[in-house]
Amino acid sequence: MLLDLSNWLLVFLRVGAFLAVLPFFSFVNFPPTMRVAMAALIGLLLGPMLPPYPLWELPLLSLVGVMAQEISIGLLLGFVSRMVFYAADLAGNVVATEMGLNLAAFFNPMTRQSEQAPGMVLFLLATVVMLTLDLHHWVLVGFQRTYLVLPVGGAHLSSALFEAVVRTTRDIFIVAVQIAAPVLAVSFVVMLVFALLSRAVPQMNVFVESFSFRVVGGLLVFGGTLHLTAQHVLNYLHRLPDDLLGLAQILSAR
């Protein structure tokens with residue numbers, strides 16, 4: 001019975017840390033008791049499938065070390081799973097800057113932070129894509145598969161892990177640029193046209209005159225390319241379970 005309890009506790013710690021970072025599970029208006037209950041339920045489901053781990057036979061420092069290691073693994077996997085939402089936030093900030101909407105911020109009750117409208121739209125779009133296509137289930141399946149290559153207490157730090165985290169962080173900027181590229185292109189074309197007009201009419205105030213065109217053109221392109229944004233988000237989420245498994249393989253390698 002103690003061995004089953006130790007398995008449940010270790011799975012509970014990893015899953016609990018994972019859900020604490022995962023989008024919409026980590027929202028401030030998501031009940032913490034529900035998050036703890038989900039982690040406990042997943043621990044009951046996964047614990048019997050794992051080989052017994054002699055947790056209670058370890059000395060105190062080793063026991064604390066194993067528990068801290070499981071929490072760290074869950075936080076790292078959750079951080080990787082949330083990357084696409086960081087990319088959506090970054091793309092929204094870029095779009096808001098190009099359209100001059102930085103001052104049009106509002107309070108987001110889910111994060112209790114001030115956000116621009118484009119960033120909020122993209123964040124909700126990524127959340128809707130993830131939930132409506134049941135991709136959150138695939139993320140949980142990918143998390144469960146990490147136990148096949150990364151058993152309890154089997155994580156090791158290495159330079160390959162640092163490179164994988166840096167490479168995953170780099171993907172944030174790539175996805176963000178892909179999402180914001182249409183608005184950036186429209187803003188560049190508008191500024192180029194008004195720069196040429198200013199050569200013909202030197203009295204023209206390029207910044208003031210071009211502002212309204214940048215806002216209108218940016219909003220039209222932003223709304224018309226949301227399906228492309230959803231496709232970028234979908235492509236990232238489809239490969240997320242494999243990314244989690246690859247990260248677990250790197251952690252398990254000595």
# chains A, B, ... in the order shown; residues from 1 in each chain; ligands from 1
$ residues_around --residues "Val84 in chain A" --least-positions-apart "2" --cutoff "7 Å" --atoms "only C-alpha atoms" --output "PyMOL selection string"
chain A and resi 82+86-88+172+233+236
$ select_by_dssp --residues "range 82-206 of chain A" --states "alpha helix (DSSP H)" --output "VMD selection string"
chain A and resid 83 to 99 117 to 132 135 to 149 159 to 200 206
$ closest_residue --among "A:Leu46, A:Val15, A:Leu219, A:Leu157" --to "Ser187 in chain A" --atoms "only C-alpha atoms"
A:Leu219
$ residues_around --residues "range 142-145 of chain A" --least-positions-apart "5" --cutoff "12 Å" --atoms "only C-alpha atoms" --output "ChimeraX atom specification"
/A:11,14-19,22,42-43,45-47,49-50,73-78,80-81,135-137,150-151,237-249
$ closest_residue --among "A:Ala164, A:Val94, A:Leu197, A:Ala40" --to "Leu122 in chain A" --atoms "only C-alpha atoms"
A:Val94
$ select_by_dssp --residues "range 46-114 of chain A" --states "strand (DSSP E or B)" --output "NGL selection string"
:A and (105-108 or 113-114)
$ closest_residue --among "A:Gly119, A:Pro54, A:Gly153, A:Pro32" --to "Ile71 in chain A" --atoms "only C-alpha atoms"
A:Gly153
$ atom_distance --atom1 "CA of Ala39 in chain A" --atom2 "CA of Phe25 in chain A"
11.1 Å
$ atom_distance --atom1 "CA of Val152 in chain A" --atom2 "CA of Leu55 in chain A"
9.9 Å
